[in-house]
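**Student:** Structure incoming, see below.
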Amino acid sequence: MKKLKNKITATLLLLIITVGSFATSTNMQTQTIRGQIIDQDSKAPLVGANIILVNSDPIQGTSSDVDGYFRIDHVHVGRVDLKVTCLGYEEKVIPNILVGSGKEIVLEIELAESLIQLEDVVIIANGHKSEPLNEMAMVSAKAFSVEETKRYAGSFNDPARMVSGYAGVTGDAMGNNDIVVRGNSPKGILWKLDGMDIPNPNHFADEGSTGGPINALNSAMLNNSDFFSGAFAPEYGNAYSGVFDMKLRNGNNEKREYSASLGVIGMEATLEGPFSKNYKGSYLINYRYSSLDLLDQAGIVDYYGVPKYQDIAFKFHLPTKKAGTFQILGFGGISSIFQEDFAEENEDSLTRTSDFGADVGFGAIKHIYPVNDKTFITTYVSASGTRNDNEYKKRYDNGDWYLAYYDEFLNTNLRASTNINTKINAKHRIKAGVIYSDLGYDMFAREDALGSGSFFTELDTDGRAGLIQAYANWKYRISEDLTLVSGLHYMQFLLNNSSSIEPRIGLDWRFTPKQSLSFGFGIHSKVESISTYFASVEDETTGEITIPNENLGLSKSMHYVVGYSNRISKNVNLKAEVYYQYLYNLAVENDPNSMFALNNIRGGYTNRYLVNEGTGYNYGLELTLERFFSNNYYFLVTGSLYDSKIKALDGELRNSRFNGNYATNVLFGKEWKVGKASKNRTLGFNTKVSYIGGHRYNPVDLDESTAKGYTAYDETDYYGKKADDIFIMNLAVTYRRNREKTTHEFKLDFQNATNNKAFVMEYYDDFSQEVEKGYQLPIFPTVIYTIQF
């Protein structure tokens, strides 16, 4: 162990020395900011828009050409604000753009048409940077930037970890990036990429889950994106708790650019550039490999179970002169971990092994066709899949091995969708679309935990099922200060023809120049993981094996949200939301004495007979005080008070598993210029401090667990125990240096810097035959070096 620590220390010192020894340059570095200005609703290019750098002296700026393109050269590196104005459109300011010498800034800026049509008048908008990119969202929505994903302490450049600092959102204290929204199960989350549904994009993900330890889509590929926590716009379906709507950026279409990163978690490289000099198309490719795997192969680390993974992501942007724009995009990841466990009294005696693997892949062809300057049609076809397998082996007392558990899950999805967007005029916009998903599955699971030689087959099925979704959105800007969004979402699951008609409505009223009220309502539903419908159920009395859940319906919820926003100053915004979610049609065990509800699990499936007769609710208050990054610092303070209850067939209203009751976060960051201005050196400090109410848990029933050979819980007081509250402090220090045409960044990030050890759960150890306790993830330092050129 001492040798291992010495090797790791030497490696970190080498990285620090390398960063600190870069050659110096005496010239003030500059970069180019360019992009395209388009209409927010019709996506048509806007000619003659004025773009200037705020507070530049002398003024730096330009105007967009006939295709909406603009270019500003010789912009000094650092943080700048960009202001865009255009006759007949609302003014827009893009704040806090981080300009580095190693990479051009390429933007696509959307302007909203003003309802006041006066010649030579520019309307000043009162929006701010946290407003969602999707203008159909009126409540419970927040935009986030790629730079925030990298900046927030403890996020590890993972957007799923970053949003755990938002009001109403908590994560997994034991290390996964599961997203718990307003007391709902993480399995209620929907992942989208560039407007397309995608499978769970995380490495080491379990069947039916939506989280994992590491996201396969890292920040090097992402553009600014949206996160929704309730009352979603009509275009979002098959989710009841939250929506992660991520966007991939386009590659640079004028020059080749590269970036590379080396860190504790992974090493990666990104390549982007144009296909040819006179063509606006571009490519963007990123590849990443597990650093721990390489260190293991080199003999630097040596412990029982090294997580191995690799992933690739790509986007090809292919505009044409008359046929619209084509995009080919996707990502893929493979991950595995092989663990060995040795007897405590004899470290050479291998007692059990676990071999787990998880793969994910997604690919799509997308076409955007402008019918005219007010209407465009978006169509895509996609194919995706996930695979999970787990093999768990144990030893008899005589030393012979036996297979205690084995499963393999293969899910595939062929999807086609088209939608039409029409801007009737400045007041009215309509978006309508249809999605068809062909879901394939091939699943098998069996267990013999005690090594009896007789397997119980928990799951054995294959086939296909269809899912139809259709939606219509209508956005009505009643006045400059009042906007209404309404619509309908329809979903039908063809496996058993369960369906849902879901009305949605949102209203935003800006009653003073700096204050607004908002309201949202919507019905939302979700298909359960396919494995749930085909799980085998054994009758405890007769021993008969049946598959009773094939006709299980959709779980549903009804969301009500009221919000208040106050732009206290140019850079400070206060937001409050109260919400109530009525949960119904929940899947619960078909037993009048049972307390089991499917909404209390994070993923996977259950071997229980289920019916859609459960109910429940979530309600709460959320507060957000945010100072956007300006004058070299920012802060974000969020607080949530909530209650989450579920009623199963026993008829008693009980705490849901995820009912922590409260959560608060304080995030702060500051940057300093160090050394001479010509050296372009920046030192940054970021912290995130969280105090989160503990989730509920069931204690282990030791006698039953010993008899079965795996963890069995005491359900006499279902989720009646409360785990410890979680305190976690994350710290990050960054050093950034801009040289000629190159940007270097070094980041040291500590998750749980105080090494707090809150109790989270109990589980059964089948080797020691004792109850063990699970605690929050201990201190976890990471270091990463990035170069852009």
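To be explicit about the labels: the chains of the structure tokens are called A, B, and onward in the order shown, and within each one the residues are counted from 1, while ligands get numbers from 1 in the order they are shown.
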Pick out each residue of region 429-570 of chain A that DSSP on the backbone tags as strand (DSSP E); I need them as a ChimeraX atom specification.

**Tutor:** /A:429-447,456-479,482-493,498-512,515-526,537-538,545-546,555-567

**Student:** Can you pull out every residue within 12 Å of Thr664 (chain A), counting only C-alpha atoms, but drop anything in the same chain fewer than 4 positions away, and send it as a ChimeraX atom specification?

**Tutor:** /A:164-170,621-625,636-642,660,688-693,725-728

**Student:** Write out as an MDAnalysis selection string which residues come within 10 Å of Ser335 (chain A) when counting only C-alpha atoms, dropping same-chain ones fewer than 2 positions away.

**Tutor:** chainID A and resid 202:205 214 216 290 307:311 333 337 356:360 388

**Student:** Can I get the selected residues back with all heavy atoms, as a short mmCIF file (atom, residue, chain, number, x, y, z; two decimals), in the first residue's frame?

**Tutor:**
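So the final result, stored in result-v5.cif, reads:
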data_model
loop_
_atom_site.label_atom_id
_atom_site.label_comp_id
_atom_site.auth_asym_id
_atom_site.auth_seq_id
_atom_site.Cartn_x
_atom_site.Cartn_y
_atom_site.Cartn_z
N ASN A 202 -25.17 6.06 -19.16
CA ASN A 202 -24.16 5.93 -18.10
C ASN A 202 -23.46 4.58 -18.17
O ASN A 202 -24.07 3.55 -18.49
CB ASN A 202 -24.81 6.09 -16.73
CG ASN A 202 -25.15 7.53 -16.42
OD1 ASN A 202 -24.28 8.34 -16.12
ND2 ASN A 202 -26.43 7.88 -16.51
N HIS A 203 -22.18 4.59 -17.84
CA HIS A 203 -21.43 3.35 -17.69
C HIS A 203 -21.86 2.63 -16.42
O HIS A 203 -22.33 3.23 -15.46
CB HIS A 203 -19.93 3.65 -17.62
CG HIS A 203 -19.33 4.11 -18.91
ND1 HIS A 203 -19.29 3.32 -20.04
CD2 HIS A 203 -18.75 5.28 -19.26
CE1 HIS A 203 -18.68 3.98 -21.02
NE2 HIS A 203 -18.35 5.18 -20.58
N PHE A 204 -21.69 1.31 -16.41
CA PHE A 204 -21.96 0.45 -15.25
C PHE A 204 -23.42 0.59 -14.78
O PHE A 204 -23.71 0.50 -13.60
CB PHE A 204 -21.02 0.78 -14.09
CG PHE A 204 -19.56 0.73 -14.45
CD1 PHE A 204 -18.86 1.91 -14.71
CD2 PHE A 204 -18.89 -0.47 -14.55
CE1 PHE A 204 -17.51 1.87 -15.05
CE2 PHE A 204 -17.54 -0.51 -14.89
CZ PHE A 204 -16.85 0.66 -15.14
N ALA A 205 -24.33 0.81 -15.72
CA ALA A 205 -25.74 1.02 -15.37
C ALA A 205 -26.47 -0.31 -15.24
O ALA A 205 -26.26 -1.24 -16.04
CB ALA A 205 -26.42 1.89 -16.42
N ILE A 214 -20.53 6.85 -14.05
CA ILE A 214 -19.84 7.72 -14.99
C ILE A 214 -20.71 7.90 -16.23
O ILE A 214 -21.16 6.91 -16.83
CB ILE A 214 -18.47 7.15 -15.41
CG1 ILE A 214 -17.58 6.93 -14.18
CG2 ILE A 214 -17.77 8.06 -16.41
CD1 ILE A 214 -16.32 6.15 -14.48
N ALA A 216 -21.45 8.46 -20.06
CA ALA A 216 -20.74 8.17 -21.31
C ALA A 216 -20.70 9.38 -22.24
O ALA A 216 -19.98 9.37 -23.24
CB ALA A 216 -21.38 6.98 -22.03
N SER A 290 -10.66 4.50 -19.78
CA SER A 290 -10.49 4.49 -18.33
C SER A 290 -9.01 4.57 -17.94
O SER A 290 -8.21 3.72 -18.32
CB SER A 290 -11.10 3.21 -17.74
OG SER A 290 -10.70 3.02 -16.41
N PRO A 307 -12.55 -0.78 -12.26
CA PRO A 307 -13.58 -0.42 -13.25
C PRO A 307 -12.93 -0.07 -14.59
O PRO A 307 -12.05 0.80 -14.64
CB PRO A 307 -14.28 0.78 -12.62
CG PRO A 307 -13.29 1.35 -11.66
CD PRO A 307 -12.45 0.21 -11.18
N LYS A 308 -13.37 -0.73 -15.65
CA LYS A 308 -12.82 -0.51 -16.98
C LYS A 308 -13.93 0.00 -17.88
O LYS A 308 -15.04 -0.55 -17.88
CB LYS A 308 -12.24 -1.80 -17.55
CG LYS A 308 -11.18 -2.44 -16.67
CD LYS A 308 -10.68 -3.75 -17.25
CE LYS A 308 -9.62 -4.39 -16.35
NZ LYS A 308 -9.11 -5.66 -16.91
N TYR A 309 -13.64 1.03 -18.64
CA TYR A 309 -14.64 1.55 -19.56
C TYR A 309 -13.98 2.31 -20.69
O TYR A 309 -12.83 2.75 -20.60
CB TYR A 309 -15.64 2.46 -18.84
CG TYR A 309 -15.07 3.81 -18.46
CD1 TYR A 309 -15.16 4.89 -19.34
CD2 TYR A 309 -14.46 4.01 -17.24
CE1 TYR A 309 -14.62 6.13 -19.00
CE2 TYR A 309 -13.93 5.25 -16.89
CZ TYR A 309 -14.02 6.30 -17.78
OH TYR A 309 -13.49 7.51 -17.45
N GLN A 310 -14.71 2.46 -21.76
CA GLN A 310 -14.31 3.33 -22.85
C GLN A 310 -15.57 3.78 -23.58
O GLN A 310 -16.60 3.08 -23.55
CB GLN A 310 -13.34 2.64 -23.81
CG GLN A 310 -13.81 1.33 -24.39
CD GLN A 310 -12.73 0.68 -25.24
OE1 GLN A 310 -12.13 1.33 -26.09
NE2 GLN A 310 -12.49 -0.60 -25.02
N ASP A 311 -15.53 4.96 -24.19
CA ASP A 311 -16.70 5.45 -24.91
C ASP A 311 -16.26 6.34 -26.07
O ASP A 311 -15.13 6.84 -26.11
CB ASP A 311 -17.66 6.21 -23.98
CG ASP A 311 -16.98 7.30 -23.17
OD1 ASP A 311 -16.43 8.24 -23.78
OD2 ASP A 311 -17.01 7.22 -21.93
N GLY A 333 -20.70 3.16 -25.47
CA GLY A 333 -19.83 2.93 -24.33
C GLY A 333 -19.86 1.49 -23.89
O GLY A 333 -20.91 0.83 -23.96
N ILE A 337 -16.46 -4.66 -14.80
CA ILE A 337 -15.66 -4.75 -13.58
C ILE A 337 -15.70 -6.19 -13.09
O ILE A 337 -16.76 -6.80 -12.98
CB ILE A 337 -16.16 -3.77 -12.48
CG1 ILE A 337 -15.28 -3.87 -11.24
CG2 ILE A 337 -17.62 -4.00 -12.15
CD1 ILE A 337 -15.54 -2.77 -10.22
N PHE A 356 -19.29 -8.22 -13.87
CA PHE A 356 -20.41 -7.38 -14.33
C PHE A 356 -20.00 -6.58 -15.56
O PHE A 356 -18.89 -6.04 -15.61
CB PHE A 356 -20.84 -6.41 -13.22
CG PHE A 356 -21.90 -5.44 -13.64
CD1 PHE A 356 -23.23 -5.82 -13.74
CD2 PHE A 356 -21.57 -4.11 -13.95
CE1 PHE A 356 -24.20 -4.91 -14.13
CE2 PHE A 356 -22.54 -3.21 -14.34
CZ PHE A 356 -23.87 -3.61 -14.44
N GLY A 357 -20.88 -6.51 -16.55
CA GLY A 357 -20.63 -5.72 -17.75
C GLY A 357 -21.87 -4.95 -18.16
O GLY A 357 -23.00 -5.40 -17.95
N ALA A 358 -21.66 -3.77 -18.74
CA ALA A 358 -22.77 -2.95 -19.21
C ALA A 358 -22.33 -2.17 -20.44
O ALA A 358 -21.29 -1.50 -20.40
CB ALA A 358 -23.25 -1.99 -18.11
N ASP A 359 -23.09 -2.27 -21.51
CA ASP A 359 -22.80 -1.57 -22.75
C ASP A 359 -24.00 -0.72 -23.16
O ASP A 359 -25.16 -1.06 -22.84
CB ASP A 359 -22.48 -2.54 -23.89
CG ASP A 359 -21.35 -3.50 -23.53
OD1 ASP A 359 -20.50 -3.11 -22.73
OD2 ASP A 359 -21.34 -4.63 -24.06
N VAL A 360 -23.74 0.37 -23.86
CA VAL A 360 -24.81 1.23 -24.36
C VAL A 360 -24.39 1.80 -25.71
O VAL A 360 -23.20 2.06 -25.94
CB VAL A 360 -25.12 2.37 -23.35
CG1 VAL A 360 -23.90 3.25 -23.12
CG2 VAL A 360 -26.30 3.20 -23.81
N ASN A 388 -26.66 -5.64 -20.39
CA ASN A 388 -26.14 -5.82 -19.04
C ASN A 388 -26.01 -7.31 -18.78
O ASN A 388 -26.89 -8.10 -19.15
CB ASN A 388 -27.09 -5.24 -17.98
CG ASN A 388 -27.50 -3.82 -18.25
OD1 ASN A 388 -28.30 -3.58 -19.14
ND2 ASN A 388 -26.97 -2.89 -17.49
#

**Student:** Within 7 Å of region 221-236 of chain A, counting only C-alpha atoms, which residues show up once you throw out same-chain ones fewer than 6 positions away? Write them as an MDAnalysis selection string, please.

**Tutor:** chainID A and resid 132:133 136:137 139:146 181 242:249 471:473 487:489 504 520:522 559:560

**Student:** Run DSSP on the backbone and grab whatever in region 181-320 of chain A lands in alpha helix (DSSP H); send it over as a list of chain:residue names.

**Tutor:**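 The alpha helix (DSSP H) residues within region 181-320 of chain A come out as A:Ser291, A:Leu292, A:Asp293, A:Leu294, A:Leu295, A:Asp296, A:Gln297.
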
**Student:** Export N, CA, C and O atoms of the chosen residues as a PDB file, in the first residue's frame?

**Tutor:**
ATOM      1  N   SER A 291      -8.649   5.587 -17.173  1.00  0.00           N
ATOM      2  CA  SER A 291      -7.269   5.720 -16.691  1.00  0.00           C
ATOM      3  C   SER A 291      -6.918   4.617 -15.699  1.00  0.00           C
ATOM      4  O   SER A 291      -5.788   4.119 -15.668  1.00  0.00           O
ATOM      5  N   LEU A 292      -7.888   4.228 -14.858  1.00  0.00           N
ATOM      6  CA  LEU A 292      -7.627   3.195 -13.863  1.00  0.00           C
ATOM      7  C   LEU A 292      -7.259   1.874 -14.523  1.00  0.00           C
ATOM      8  O   LEU A 292      -6.427   1.115 -14.005  1.00  0.00           O
ATOM      9  N   ASP A 293      -7.863   1.582 -15.670  1.00  0.00           N
ATOM     10  CA  ASP A 293      -7.524   0.363 -16.392  1.00  0.00           C
ATOM     11  C   ASP A 293      -6.065   0.401 -16.850  1.00  0.00           C
ATOM     12  O   ASP A 293      -5.321  -0.579 -16.718  1.00  0.00           O
ATOM     13  N   LEU A 294      -5.644   1.552 -17.367  1.00  0.00           N
ATOM     14  CA  LEU A 294      -4.255   1.682 -17.814  1.00  0.00           C
ATOM     15  C   LEU A 294      -3.286   1.591 -16.628  1.00  0.00           C
ATOM     16  O   LEU A 294      -2.226   0.961 -16.731  1.00  0.00           O
ATOM     17  N   LEU A 295      -3.649   2.216 -15.507  1.00  0.00           N
ATOM     18  CA  LEU A 295      -2.801   2.140 -14.326  1.00  0.00           C
ATOM     19  C   LEU A 295      -2.722   0.716 -13.790  1.00  0.00           C
ATOM     20  O   LEU A 295      -1.676   0.272 -13.301  1.00  0.00           O
ATOM     21  N   ASP A 296      -3.830  -0.006 -13.894  1.00  0.00           N
ATOM     22  CA  ASP A 296      -3.845  -1.408 -13.470  1.00  0.00           C
ATOM     23  C   ASP A 296      -2.918  -2.246 -14.352  1.00  0.00           C
ATOM     24  O   ASP A 296      -2.142  -3.073 -13.863  1.00  0.00           O
ATOM     25  N   GLN A 297      -2.996  -2.031 -15.668  1.00  0.00           N
ATOM     26  CA  GLN A 297      -2.140  -2.779 -16.586  1.00  0.00           C
ATOM     27  C   GLN A 297      -0.665  -2.446 -16.368  1.00  0.00           C
ATOM     28  O   GLN A 297       0.208  -3.298 -16.583  1.00  0.00           O
TER      29      GLN A 297
END

**Student:** Compile a residue-level contact table for region 414-461 of chain A against region 30-41 of chain A at a cut-off of 9 Å, reporting for every qualifying residue the shortest atom pair and its distance in Å to one decimal, with only C-alpha atoms counted, rows ordered by chain and ascending number, as a tab-separated table.

**Tutor:**
residue	atom	partner	partner_atom	distance
A:Asn421	CA	A:Asp41	CA	7.8
A:Thr422	CA	A:Asp41	CA	7.6
A:Lys423	CA	A:Asp41	CA	6.0
A:Ala426	CA	A:Asp41	CA	8.8
A:Arg429	CA	A:Asp41	CA	6.9

**Student:** Restricting the calculation to only C-alpha atoms, which member of A:Tyr564, A:Phe326, A:Phe409, A:Phe156 is positioned closest to Phe750 (chain A)?

**Tutor:**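 Closest candidate: A:Phe156.
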
**Student:** Using CA of Ala707 (chain A) and CA of Tyr719 (chain A) as the two end points, give the distance in Å to one decimal.

**Tutor:**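 So the two atoms, CA of Ala707 (chain A) and CA of Tyr719 (chain A), lie 22.3 Å apart.
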
**Student:** Quick one: residues within 12 Å of Ser276 (chain A), only C-alpha atoms counted, chain neighbours fewer than 6 positions away excluded, as a list in words?

**Tutor:**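 Answer for this query is Asn252, Asn253, Glu254, Lys255, Arg256, Ser282, Tyr283 and Leu318 of chain A.
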
**Student:** Report the distance between CA of Gly684 (chain A) and CA of Arg288 (chain A) in Å, rounded to one decimal place.

**Tutor:** 25.5 Å

**Student:** With distances taken over only C-alpha atoms, which of A:Arg352, A:Tyr584, A:Val611, A:Asn632 is nearest to Lys673 (chain A)?

**Tutor:**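 Using only C-alpha atoms, the shortest distance to Lys673 (chain A) belongs to A:Asn632.
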
**Student:** I'd like the contact shell of Asn177 (chain A) - 10 Å cut-off, only C-alpha atoms, skipping same-chain residues fewer than 2 positions apart - returned as a VMD selection string.

**Tutor:** chain A and resid 155 158 to 164 170 to 175 179 to 180 186 202 210 to 215

**Student:** Give the answer as one residue: which of A:Leu598, A:Leu517, A:Ile501, A:Leu46 has the shortest atom-to-atom distance to Ala648 (chain A), using only C-alpha atoms?

**Tutor:** A:Leu598

**Student:** Of the candidates A:Arg387, A:Lys757, A:His428, A:Lys670, which one gets nearest to Lys374 (chain A) if we count only C-alpha atoms?

**Tutor:**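 Checking each of A:Arg387, A:Lys757, A:His428, A:Lys670 against Lys374 (chain A), counting only C-alpha atoms, the winner is A:His428.
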
**Student:** Would you compute the distance between CA of Gly620 (chain A) and CA of Arg182 (chain A)? Give it in Å to one decimal.

**Tutor:**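 Separating CA of Gly620 (chain A) from CA of Arg182 (chain A) is a distance of 7.7 Å.
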